[in-house]
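Okay, model08.cif now, which holds mmCIF, C-alpha atoms:
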```cif
data_data
#
loop_
_atom_site.label_atom_id
_atom_site.label_comp_id
_atom_site.auth_asym_id
_atom_site.auth_seq_id
_atom_site.Cartn_x
_atom_site.Cartn_y
_atom_site.Cartn_z
CA MET F 1 100.77 87.43 99.01
CA ASN F 2 100.19 87.38 102.77
CA LYS F 3 98.31 89.67 105.07
CA SER F 4 101.38 91.68 106.07
CA THR F 5 101.70 92.87 102.48
CA PHE F 6 98.66 95.09 102.96
CA PHE F 7 98.88 96.04 106.63
CA SER F 8 101.81 98.25 107.50
CA GLY F 9 102.95 99.55 110.86
CA GLN F 10 101.77 103.07 110.03
CA PRO F 11 98.35 104.60 109.33
CA VAL F 12 97.50 105.87 105.84
CA PHE F 13 97.75 109.45 107.09
CA SER F 14 101.34 108.89 108.20
CA GLN F 15 102.23 107.49 104.76
CA LEU F 16 100.78 110.61 103.11
CA ILE F 17 102.66 112.98 105.42
CA LYS F 18 105.91 111.18 104.55
CA LEU F 19 105.47 112.43 100.98
CA ILE F 20 106.34 115.88 102.41
CA PRO F 21 110.11 115.98 103.08
CA GLU F 22 110.95 117.01 106.63
CA HIS F 23 113.68 119.34 105.47
CA LEU F 24 111.16 121.41 103.48
CA ILE F 25 109.01 121.97 106.55
CA GLY F 26 112.02 122.90 108.66
CA GLN F 27 113.53 125.15 105.99
CA LEU F 28 110.33 127.12 105.40
CA SER F 29 109.46 127.40 109.10
CA ARG F 30 112.91 128.91 109.75
CA GLN F 31 112.63 131.18 106.70
CA TYR F 32 109.36 132.71 107.92
CA ASN F 33 110.08 132.25 111.63
CA THR F 34 106.70 130.58 112.10
CA ASP F 35 107.61 128.93 115.44
CA HIS F 36 108.78 132.08 117.19
CA TYR F 37 105.67 132.82 119.28
CA TYR F 38 104.58 129.20 119.81
CA LYS F 39 105.94 127.21 122.76
CA VAL F 40 104.17 123.93 122.01
CA PHE F 41 102.00 124.07 118.86
CA LYS F 42 104.73 124.15 116.22
CA THR F 43 104.33 124.68 112.48
CA ARG F 44 104.55 120.98 111.67
CA ASP F 45 101.76 120.18 114.16
CA HIS F 46 99.67 122.94 112.62
CA LEU F 47 100.19 121.56 109.11
CA ILE F 48 99.23 118.02 110.19
CA SER F 49 96.12 119.27 112.00
CA MET F 50 94.91 121.24 108.99
CA LEU F 51 95.65 118.40 106.56
CA TYR F 52 93.65 116.09 108.84
CA ALA F 53 90.77 118.59 108.61
CA CYS F 54 91.03 118.65 104.81
CA PHE F 55 91.26 114.87 104.35
CA HIS F 56 88.25 114.34 106.63
CA ASN F 57 86.33 117.35 105.23
CA CYS F 58 85.84 118.71 108.75
CA SER F 59 83.39 121.60 108.99
CA SER F 60 84.17 122.81 112.53
CA LEU F 61 87.07 123.15 114.95
CA ARG F 62 85.38 120.73 117.35
CA GLU F 63 85.24 118.08 114.63
CA VAL F 64 88.96 118.48 113.95
CA ILE F 65 90.07 118.34 117.58
CA THR F 66 87.82 115.46 118.65
CA GLY F 67 88.97 113.48 115.62
CA LEU F 68 92.60 114.05 116.52
CA GLU F 69 92.01 113.15 120.16
CA ALA F 70 90.20 109.94 119.21
CA SER F 71 93.28 108.82 117.28
CA TYR F 72 95.93 110.05 119.72
CA ASN F 73 97.50 106.59 120.08
CA LYS F 74 98.26 106.51 116.35
CA PHE F 75 100.05 109.84 116.13
CA SER F 76 103.40 108.55 117.36
CA HIS F 77 104.12 107.61 113.74
CA LEU F 78 103.55 111.23 112.72
CA LYS F 79 105.77 112.58 115.51
CA LEU F 80 102.93 114.92 116.44
CA GLN F 81 104.09 116.94 119.44
CA CYS F 82 100.80 118.59 120.31
CA ILE F 83 97.09 117.98 119.76
CA PRO F 84 95.79 121.54 120.08
CA ARG F 85 92.72 122.87 121.80
CA ARG F 86 90.15 124.59 119.64
CA SER F 87 91.27 128.04 120.75
CA THR F 88 94.92 127.19 120.02
CA LEU F 89 94.14 126.02 116.50
CA ALA F 90 91.92 129.06 115.89
CA ASP F 91 94.66 131.44 117.09
CA ALA F 92 97.28 129.73 114.92
CA ASN F 93 95.04 129.93 111.85
CA GLY F 94 94.55 133.62 112.50
CA SER F 95 98.18 134.58 113.03
CA ARG F 96 100.67 132.09 111.53
CA GLU F 97 102.43 133.22 108.36
CA VAL F 98 100.46 132.13 105.28
CA ARG F 99 103.52 132.16 103.05
CA PHE F 100 104.78 128.98 104.77
CA PHE F 101 101.82 126.99 103.38
CA GLU F 102 101.97 128.77 100.01
CA ASP F 103 105.67 128.05 99.50
CA LEU F 104 105.29 124.48 100.74
CA HIS F 105 102.72 123.81 98.03
CA GLN F 106 105.01 125.29 95.40
CA ALA F 107 108.01 123.33 96.70
CA LEU F 108 106.06 120.06 96.54
CA TYR F 109 105.01 120.81 92.97
CA GLN F 110 108.62 121.48 91.95
CA LEU F 111 109.78 118.31 93.72
CA TYR F 112 107.31 115.94 92.05
CA TYR F 113 106.28 117.69 88.81
CA GLY F 114 108.71 120.53 88.15
CA ARG F 115 110.68 119.29 85.16
CA LEU F 116 113.31 121.63 83.79
CA PRO F 117 113.25 121.86 79.98
CA ASP F 118 115.99 119.91 78.25
CA SER F 119 117.20 121.70 75.12
CA ARG F 120 118.45 118.39 73.72
CA LYS F 121 114.97 116.85 73.69
CA ARG F 122 111.97 117.93 71.68
CA ARG F 123 109.03 118.31 74.06
CA SER F 124 105.54 117.32 72.94
CA LYS F 125 102.73 119.85 72.73
CA GLU F 126 100.91 118.08 75.57
CA SER F 127 103.87 118.47 77.93
CA ARG F 128 104.05 122.21 77.15
CA LEU F 129 100.36 123.00 77.59
CA PHE F 130 99.21 125.14 80.53
CA ILE F 131 95.70 126.46 81.21
CA MET F 132 94.94 129.64 83.14
CA ASP F 133 91.64 130.48 84.86
CA SER F 134 90.16 131.35 88.26
CA THR F 135 87.41 130.10 90.54
CA THR F 136 85.57 131.90 93.33
CA VAL F 137 84.55 130.50 96.71
CA THR F 138 81.66 132.37 98.30
CA LEU F 139 82.00 133.34 101.97
CA PHE F 140 79.06 133.81 104.31
CA SER F 141 80.48 137.06 105.69
CA ASP F 142 82.18 140.07 104.17
CA ILE F 143 85.66 139.13 105.47
CA MET F 144 87.08 139.35 101.97
CA LYS F 145 85.46 141.56 99.39
CA GLY F 146 83.21 139.58 97.08
CA ALA F 147 82.09 140.34 93.57
CA GLY F 148 78.59 141.47 92.65
CA THR F 149 76.17 144.12 93.89
CA THR F 150 75.24 144.88 97.48
CA LYS F 151 71.77 143.80 98.63
CA ALA F 152 69.05 146.27 99.59
CA ASP F 153 69.66 145.63 103.31
CA GLY F 154 73.29 146.67 102.88
CA ARG F 155 74.64 143.16 103.41
CA LYS F 156 77.05 141.52 101.00
CA LYS F 157 78.72 138.15 101.04
CA GLY F 158 82.47 137.97 100.78
CA GLY F 159 84.45 135.84 98.40
CA VAL F 160 87.91 134.45 97.85
CA LYS F 161 89.29 133.82 94.37
CA ALA F 162 91.90 131.23 93.45
CA HIS F 163 93.80 132.06 90.25
CA VAL F 164 95.36 128.91 88.83
CA VAL F 165 97.76 127.94 86.05
CA LEU F 166 97.12 124.24 85.48
CA ASN F 167 99.76 121.85 84.16
CA ALA F 168 97.57 120.10 81.59
CA GLN F 169 99.71 116.99 81.23
CA ASP F 170 99.88 116.24 84.97
CA ASP F 171 96.52 117.87 85.85
CA VAL F 172 98.00 119.74 88.83
CA PRO F 173 98.33 123.50 89.51
CA GLN F 174 101.70 124.85 88.43
CA LEU F 175 100.89 128.20 90.09
CA VAL F 176 98.17 129.34 92.49
CA PHE F 177 97.47 132.94 93.51
CA ILE F 178 94.75 133.74 96.07
CA THR F 179 93.00 137.13 96.16
CA GLU F 180 89.71 138.69 97.20
CA GLY F 181 86.78 137.63 95.06
CA ALA F 182 86.32 141.16 93.70
CA ARG F 183 89.81 141.36 92.21
CA ASN F 184 90.01 141.29 88.43
CA ASP F 185 91.51 138.20 86.82
CA ARG F 186 94.08 140.31 84.98
CA VAL F 187 95.99 141.10 88.22
CA PHE F 188 97.26 137.51 88.13
CA MET F 189 98.82 137.68 84.66
CA LYS F 190 102.05 139.37 85.75
CA HIS F 191 102.78 136.50 88.15
CA VAL F 192 102.74 133.83 85.43
CA GLN F 193 106.22 132.54 84.65
CA LEU F 194 106.62 129.78 82.05
CA ASN F 195 109.46 128.33 80.02
CA ARG F 196 110.23 129.20 76.44
CA ALA F 197 108.01 127.35 73.91
CA ASP F 198 105.34 126.61 76.54
CA ILE F 199 101.71 127.06 75.48
CA LEU F 200 99.35 129.08 77.68
CA VAL F 201 95.59 128.90 77.08
CA PHE F 202 93.13 131.30 78.75
CA ASP F 203 89.64 132.65 78.18
CA LYS F 204 88.63 136.07 76.85
CA GLY F 205 88.60 137.68 80.32
CA TYR F 206 92.40 138.00 80.28
CA ARG F 207 92.71 140.73 77.65
CA ASN F 208 95.94 142.63 78.21
CA TYR F 209 97.87 143.41 75.03
CA SER F 210 100.99 144.56 76.89
CA GLN F 211 101.25 141.29 78.81
CA TRP F 212 100.57 139.27 75.64
CA HIS F 213 103.45 141.10 73.98
CA LYS F 214 105.78 140.36 76.92
CA TRP F 215 104.92 136.67 76.75
CA ALA F 216 105.61 136.65 73.02
CA GLN F 217 109.03 138.22 73.62
CA GLN F 218 109.75 135.51 76.21
CA GLY F 219 108.94 132.83 73.64
CA ILE F 220 105.68 131.77 75.33
CA ASN F 221 102.86 130.76 72.99
CA TRP F 222 99.44 132.02 74.08
CA VAL F 223 95.97 131.12 72.81
CA THR F 224 92.74 132.88 73.70
CA ARG F 225 89.33 133.77 72.31
CA THR F 226 88.11 137.12 71.01
CA ILE F 227 85.63 139.21 72.98
CA GLY F 228 84.05 140.70 69.85
CA ASP F 229 84.95 144.38 70.12
CA GLU F 230 88.62 144.06 69.11
CA VAL F 231 90.07 146.59 66.69
CA TYR F 232 92.52 145.05 64.24
CA GLU F 233 94.05 145.42 60.79
CA VAL F 234 94.30 142.41 58.49
CA LEU F 235 97.85 141.95 57.16
CA GLU F 236 97.46 138.65 55.33
CA ASP F 237 94.85 136.03 54.54
CA ARG F 238 96.67 132.75 55.08
CA ALA F 239 95.82 129.74 52.94
CA VAL F 240 93.50 127.13 54.45
CA SER F 241 93.84 123.59 53.10
CA ASP F 242 90.87 121.35 52.33
CA GLN F 243 91.84 119.10 55.21
CA GLU F 244 91.72 122.05 57.61
CA LYS F 245 88.37 123.15 56.19
CA GLN F 246 86.94 119.70 56.89
CA LYS F 247 88.04 120.07 60.52
CA GLY F 248 86.11 123.34 60.81
CA VAL F 249 88.64 126.05 60.00
CA ARG F 250 86.97 128.87 58.06
CA ALA F 251 89.69 131.55 58.00
CA ASP F 252 93.31 132.06 59.05
CA GLN F 253 94.61 135.65 59.13
CA ALA F 254 97.67 137.56 60.24
CA ILE F 255 96.59 140.81 61.92
CA TYR F 256 97.75 143.86 63.82
CA LEU F 257 95.72 143.89 67.01
CA GLY F 258 95.00 147.20 68.77
CA ARG F 259 94.30 150.82 68.02
CA SER F 260 96.69 152.99 66.01
CA SER F 261 96.20 155.79 68.54
CA ASN F 262 97.99 153.65 71.15
CA PRO F 263 100.97 152.01 69.39
CA THR F 264 102.34 150.53 72.65
CA GLN F 265 99.19 148.38 72.84
CA LYS F 266 99.38 147.25 69.20
CA ILE F 267 100.69 143.73 68.61
CA LYS F 268 100.97 141.28 65.76
CA ALA F 269 98.75 138.25 66.16
CA ARG F 270 96.99 135.47 64.32
CA LEU F 271 93.20 135.24 64.03
CA VAL F 272 91.68 131.81 63.45
CA SER F 273 87.97 131.45 62.64
CA TYR F 274 86.61 128.00 63.50
CA TYR F 275 83.14 126.49 63.08
CA ASP F 276 82.03 123.89 65.62
CA ALA F 277 79.61 121.58 63.79
CA LYS F 278 78.36 119.92 67.02
CA GLY F 279 77.43 123.15 68.75
CA GLU F 280 76.71 124.97 65.49
CA MET F 281 78.82 127.89 66.69
CA MET F 282 81.50 130.04 65.10
CA TYR F 283 84.53 130.79 67.27
CA HIS F 284 87.39 133.25 66.73
CA PHE F 285 90.75 132.51 68.37
CA LEU F 286 93.78 134.75 68.86
CA THR F 287 97.35 133.51 69.18
CA ASN F 288 100.92 134.67 68.68
CA ASN F 289 101.94 131.32 67.15
CA PHE F 290 102.12 131.18 63.33
CA ARG F 291 103.61 127.66 63.05
CA PHE F 292 100.85 125.43 64.43
CA ARG F 293 97.98 124.42 62.21
CA ALA F 294 94.81 126.43 62.62
CA SER F 295 92.91 123.31 63.76
CA THR F 296 95.60 122.73 66.41
CA ILE F 297 95.01 126.23 67.78
CA ALA F 298 91.29 125.44 68.05
CA SER F 299 92.03 122.14 69.81
CA PHE F 300 94.27 123.94 72.34
CA TYR F 301 91.39 126.20 73.34
CA GLY F 302 89.11 123.16 73.54
CA SER F 303 91.49 121.77 76.18
CA ARG F 304 90.61 124.73 78.41
CA TRP F 305 87.67 122.74 79.77
CA GLN F 306 90.16 120.62 81.73
CA ILE F 307 90.66 123.38 84.29
CA GLU F 308 86.90 123.58 84.88
CA THR F 309 86.98 119.85 85.68
CA PHE F 310 89.85 120.51 88.10
CA PHE F 311 87.89 123.25 89.88
CA LYS F 312 84.88 120.94 90.18
CA ARG F 313 87.08 118.20 91.63
CA PHE F 314 88.71 120.62 94.07
CA LYS F 315 85.44 121.98 95.40
CA GLN F 316 83.78 118.58 95.73
CA THR F 317 86.62 116.91 97.63
CA ASN F 318 87.73 119.75 99.93
CA PRO F 319 86.11 121.61 102.85
CA VAL F 320 85.59 124.97 101.11
CA LYS F 321 81.94 125.48 102.07
CA TYR F 322 82.70 126.02 105.76
CA PHE F 323 85.91 127.59 107.02
CA LEU F 324 87.50 127.04 110.42
CA GLY F 325 88.20 130.73 111.02
CA ASP F 326 86.44 134.06 110.57
CA ASN F 327 89.46 136.03 109.36
CA GLU F 328 91.36 136.31 106.09
CA ASN F 329 94.50 134.59 107.37
CA ALA F 330 92.58 131.49 108.47
CA ILE F 331 90.74 131.28 105.15
CA ARG F 332 93.96 131.49 103.17
CA ILE F 333 95.67 128.82 105.32
CA GLN F 334 92.74 126.44 104.87
CA LEU F 335 92.71 126.97 101.11
CA TRP F 336 96.46 126.36 100.84
CA CYS F 337 96.17 123.17 102.91
CA ALA F 338 93.34 122.05 100.61
CA PHE F 339 95.65 122.57 97.61
CA ILE F 340 98.43 120.63 99.39
CA LYS F 341 95.99 117.80 100.13
CA ASP F 342 94.87 117.76 96.49
CA LEU F 343 98.50 117.57 95.38
CA LEU F 344 99.29 114.68 97.78
CA ILE F 345 96.38 112.62 96.42
CA LYS F 346 97.54 113.33 92.86
CA ILE F 347 101.08 112.22 93.76
CA VAL F 348 99.68 108.93 95.09
CA LYS F 349 97.58 108.49 91.94
CA ASP F 350 100.52 109.05 89.62
CA GLN F 351 102.83 106.68 91.50
CA LEU F 352 100.41 103.74 91.32
CA LYS F 353 100.79 101.00 88.73
CA ARG F 354 97.04 100.40 88.64
CA LYS F 355 94.63 102.92 87.11
CA TRP F 356 92.39 104.66 89.66
CA SER F 357 90.17 107.71 89.37
CA TYR F 358 90.99 110.67 91.59
CA ALA F 359 87.55 110.49 93.24
CA ASN F 360 87.98 106.83 94.22
CA ILE F 361 91.42 107.39 95.73
CA SER F 362 90.21 110.45 97.62
CA SER F 363 87.22 108.56 99.02
CA MET F 364 89.32 105.54 100.02
CA ILE F 365 91.87 107.72 101.82
CA ARG F 366 89.13 109.59 103.69
CA HIS F 367 87.57 106.35 104.97
CA HIS F 368 90.88 104.69 105.90
CA LEU F 369 92.92 107.73 106.92
CA MET F 370 93.76 106.40 110.41
CA ASN F 371 93.78 102.67 109.56
CA TYR F 372 96.95 100.59 109.41
CA LEU F 373 96.87 99.87 105.70
CA ASP F 374 99.71 99.86 103.21
CA LEU F 375 98.28 102.43 100.85
CA PHE F 376 100.28 101.66 97.72
CA ALA F 377 100.19 97.87 98.11
CA PHE F 378 96.43 97.90 98.58
CA LEU F 379 95.70 100.25 95.67
CA ASN F 380 97.99 98.29 93.35
CA HIS F 381 96.48 94.89 94.30
CA PRO F 382 92.98 95.46 95.78
CA ASP F 383 91.67 92.19 94.36
CA LYS F 384 94.21 90.10 96.30
CA ILE F 385 93.36 91.27 99.80
CA LYS F 386 90.51 88.75 100.15
CA ASN F 387 92.85 85.93 99.22
CA ALA F 388 95.34 87.16 101.81
CA PHE F 389 92.66 87.12 104.52
CA TYR F 390 91.42 83.69 103.42
CA GLN F 391 94.90 82.18 103.57
CA GLU F 392 95.48 83.75 106.98
CA GLN F 393 92.28 82.20 108.34
CA ILE F 394 93.21 78.75 107.00
CA GLN F 395 96.65 78.93 108.61
CA THR F 396 95.30 79.98 112.02
CA GLN F 397 92.22 77.75 112.04
CA ILE F 398 92.18 75.32 115.00
CA PRO F 399 90.73 71.87 114.22
CA LEU F 400 87.79 70.73 116.35
CA PHE F 401 89.03 67.13 116.63
CA PRO F 402 92.81 67.10 116.79
CA THR F 403 94.42 63.82 115.79
#
```
Can the structure in the file be given as structure tokens, please?
Amino acid sequence: MNKSTFFSGQPVFSQLIKLIPEHLIGQLSRQYNTDHYYKVFKTRDHLISMLYACFHNCSSLREVITGLEASYNKFSHLKLQCIPRRSTLADANGSREVRFFEDLHQALYQLYYGRLPDSRKRRSKESRLFIMDSTTVTLFSDIMKGAGTTKADGRKKGGVKAHVVLNAQDDVPQLVFITEGARNDRVFMKHVQLNRADILVFDKGYRNYSQWHKWAQQGINWVTRTIGDEVYEVLEDRAVSDQEKQKGVRADQAIYLGRSSNPTQKIKARLVSYYDAKGEMMYHFLTNNFRFRASTIASFYGSRWQIETFFKRFKQTNPVKYFLGDNENAIRIQLWCAFIKDLLIKIVKDQLKRKWSYANISSMIRHHLMNYLDLFAFLNHPDKIKNAFYQEQIQTQIPLFPT
């Protein structure tokens, strides 16, 4: 394996951008007319500039622009038409249509992870599992309304909230919805669209009986945890086997959930009581599925921790502490580009033959973003690069005493 196997004619950044089909960028830019008021700094240039900022975790406009200018001789591979000035990038962040970046993220998800259900094949529970939750990013100004009380001096920090439905099998967001930090999580529920027989897990903050009933009618299985003040009527005490009792199941009941005074909010559900021996805690789970074992329902809710790990990963590897604009549009664009960057790294990870952690791939890409390195060849065979260099040196070594 020679040196040319690892060193390509394009920087790592160019190889990542090629994962985004050109026709998607052109189609969405025409759909939202995002190039109409821009003579030079087109939508594609804007996307590349913001992805550069996200991959390098840039905390200021100056850092983005100087970084781009320092690598200007390498941008011919990216077909970058314009390296903007700071004011140009700031103006574009403040005025360009956010829906371009939002729809691009969704289109990339559908391209690489959006599998249509095949009625001829029986899908596993893991492939049907989705987790719903939200995370809040605190802003240093009150640009977007944040949650919490106002301080005595009248000042209050803003906040932006990302509502996410996570594809548990692929560990990527199937749906993202960005709102002000003060918005209730339940506003996101009506936007969730899943396939029949999918399993949606969410915490007790998403209590909305009407929406739960709609999901049940659509054939979507949902699993959540009780708050503690639910009003319900027990219809049946279901039998619990000894095997289930050993796993921690204490009770399995069919119930009518809701008050009789409001019949439109009254739904049939299943209540599973589960004892966690490790934490010495009793948990009560609600679901509309009566076929799965009670212990399986408990394990589904235990999988909810995966989305917390995703949020931690997202915040640690993306520039969400400092934003490049002081307006809502700029904040939304930066967040969407961070989600696109996260998705590109995950695509690379899933296409590799060798096992790598997300953190290691992200760090390697950040350090070698503008280097001429074949990303996939290197990550698949990192142990062979020293041998390639060694063989290259032997072949080019000039003897001191030629014969």
Smallest atom-to-atom distance to Gln106 in chain F: which of F:Ile365, F:Val172, F:Ala239, F:Val320, using only C-alpha atoms?
->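 Using only C-alpha atoms, Gln106 in chain F sits closest to F:Val172.
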Quick one: apply the PyMOL selection byres ((chain F and resi 84) around 9) to the file and drop the selected residues here as a PDB file with C-alpha atoms, in the frame of the given file.
```
ATOM      1  CA  VAL F  40     104.170 123.930 122.010  1.00  0.00           C
ATOM      2  CA  PHE F  41     102.000 124.070 118.860  1.00  0.00           C
ATOM      3  CA  ASP F  45     101.760 120.180 114.160  1.00  0.00           C
ATOM      4  CA  HIS F  46      99.670 122.940 112.620  1.00  0.00           C
ATOM      5  CA  SER F  49      96.120 119.270 112.000  1.00  0.00           C
ATOM      6  CA  ILE F  65      90.070 118.340 117.580  1.00  0.00           C
ATOM      7  CA  LEU F  68      92.600 114.050 116.520  1.00  0.00           C
ATOM      8  CA  CYS F  82     100.800 118.590 120.310  1.00  0.00           C
ATOM      9  CA  ILE F  83      97.090 117.980 119.760  1.00  0.00           C
ATOM     10  CA  ARG F  85      92.720 122.870 121.800  1.00  0.00           C
ATOM     11  CA  ARG F  86      90.150 124.590 119.640  1.00  0.00           C
ATOM     12  CA  SER F  87      91.270 128.040 120.750  1.00  0.00           C
ATOM     13  CA  THR F  88      94.920 127.190 120.020  1.00  0.00           C
ATOM     14  CA  LEU F  89      94.140 126.020 116.500  1.00  0.00           C
TER      15      LEU F  89
END
```
In terms of only C-alpha atoms, the residue from F:Ile131, F:Ala254, F:Val223, F:Leu16 at minimal distance from Asn167 in chain F is F:Ile131
Mind giving me the straight-line distance from CA of Gly114 in chain F to CA of Val98 in chain F in Å, one decimal?
->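 Atom-to-atom, CA of Gly114 in chain F to CA of Val98 in chain F, that is 22.3 Å.
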Separation of CA of His381 in chain F from CA of Lys355 in chain F in Å |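 CA of His381 in chain F lies 10.9 Å from CA of Lys355 in chain F.
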Nearby residues (all atoms listed in the file) at most 8 Å from range 207-220 of chain F, same-chain spacing under 4 positions excluded, as an MDAnalysis selection string | chainID F and resid 186 189:190 194:200 258 264:267 288
Sphere at (87.0, 123.7, 105.6), radius 8 Å, counting all atoms listed in the file: residues as a VMD selection string = chain F and resid 53 to 54 57 to 60 318 to 324 334 to 335
Residues in the PyMOL selection byres ((chain F and resi 161) around 6), expressed as a PyMOL selection string | chain F and resi 135-136+160+162+178-181
For Ala294 in chain F, please output as a PyMOL selection string all residues within 12 Å (counting all atoms listed in the file; exclusion window: fewer than 3 positions along the same chain).
-> chain F and resi 223+238-241+243-254+270-275+284-291+297-301
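Excluding Val165 in chain F itself and any same-chain residue fewer than 4 positions from it, the protein and nucleic acid residues within 7 Å of it, counting all atoms listed in the file, are Phe130, Ile131, Met132, Asp133, Pro173, Gln174, Leu175 and Val176 of chain F.
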Hey, could you make a per-residue contact list for range 79-137 of chain F against range 31-34 of chain F with 7 Å as the cut-off, showing the nearest pair of atoms and its distance in Å to one decimal, counting all atoms listed in the file, sorted by chain and number, as a Markdown table?
```
| residue | atom | partner | partner_atom | distance |
| --- | --- | --- | --- | --- |
| F:Arg96 | CA | F:Thr34 | CA | 6.2 |
| F:Glu97 | CA | F:Thr34 | CA | 6.3 |
| F:Phe100 | CA | F:Tyr32 | CA | 6.7 |
```
Counting only C-alpha atoms, what is within 7 Å of Asn329 in chain F, bar same-chain residues fewer than 4 positions away, as a ChimeraX atom specification?
-> /F:93-95,98,333
Could you take the residues named above and write them with C-alpha atoms, as a PDB file, keeping the file's coordinate frame?
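File produced: part-v3.pdb:
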```
ATOM      1  CA  ASN F  93      95.040 129.930 111.850  1.00  0.00           C
ATOM      2  CA  GLY F  94      94.550 133.620 112.500  1.00  0.00           C
ATOM      3  CA  SER F  95      98.180 134.580 113.030  1.00  0.00           C
ATOM      4  CA  VAL F  98     100.460 132.130 105.280  1.00  0.00           C
ATOM      5  CA  ILE F 333      95.670 128.820 105.320  1.00  0.00           C
TER       6      ILE F 333
END
```
Starting from the incomplete input, reconstruct N, CA and C atoms of range 78-94 of chain F and write that as a short mmCIF file (atom, residue, chain, number, x, y, z; two decimals), in the frame of the given file.
```cif
data_model
loop_
_atom_site.label_atom_id
_atom_site.label_comp_id
_atom_site.auth_asym_id
_atom_site.auth_seq_id
_atom_site.Cartn_x
_atom_site.Cartn_y
_atom_site.Cartn_z
N LEU F 78 103.46 109.91 113.34
CA LEU F 78 103.55 111.23 112.72
C LEU F 78 104.47 112.17 113.47
N LYS F 79 104.94 111.73 114.64
CA LYS F 79 105.77 112.58 115.51
C LYS F 79 105.04 113.87 115.85
N LEU F 80 103.74 113.75 116.07
CA LEU F 80 102.93 114.92 116.44
C LEU F 80 103.22 115.29 117.89
N GLN F 81 103.69 116.50 118.10
CA GLN F 81 104.09 116.94 119.44
C GLN F 81 102.92 117.45 120.26
N CYS F 82 101.88 117.93 119.58
CA CYS F 82 100.80 118.59 120.31
C CYS F 82 99.48 118.44 119.56
N ILE F 83 98.46 117.93 120.27
CA ILE F 83 97.09 117.98 119.76
C ILE F 83 96.46 119.24 120.36
N PRO F 84 96.17 120.23 119.54
CA PRO F 84 95.79 121.54 120.08
C PRO F 84 94.36 121.56 120.62
N ARG F 85 94.10 122.54 121.44
CA ARG F 85 92.72 122.87 121.80
C ARG F 85 92.12 123.70 120.67
N ARG F 86 90.81 123.84 120.71
CA ARG F 86 90.15 124.59 119.64
C ARG F 86 90.65 126.02 119.59
N SER F 87 90.82 126.64 120.72
CA SER F 87 91.27 128.04 120.75
C SER F 87 92.69 128.16 120.22
N THR F 88 93.54 127.16 120.51
CA THR F 88 94.92 127.19 120.02
C THR F 88 94.97 127.09 118.50
N LEU F 89 94.18 126.18 117.95
CA LEU F 89 94.14 126.02 116.50
C LEU F 89 93.56 127.27 115.84
N ALA F 90 92.53 127.84 116.44
CA ALA F 90 91.92 129.06 115.89
C ALA F 90 92.92 130.23 115.90
N ASP F 91 93.67 130.36 117.00
CA ASP F 91 94.66 131.44 117.09
C ASP F 91 95.78 131.25 116.06
N ALA F 92 96.22 130.00 115.89
CA ALA F 92 97.28 129.73 114.92
C ALA F 92 96.81 130.01 113.50
N ASN F 93 95.58 129.63 113.18
CA ASN F 93 95.04 129.93 111.85
C ASN F 93 94.96 131.42 111.61
N GLY F 94 94.72 132.18 112.66
CA GLY F 94 94.55 133.62 112.50
C GLY F 94 95.84 134.40 112.45
#
```
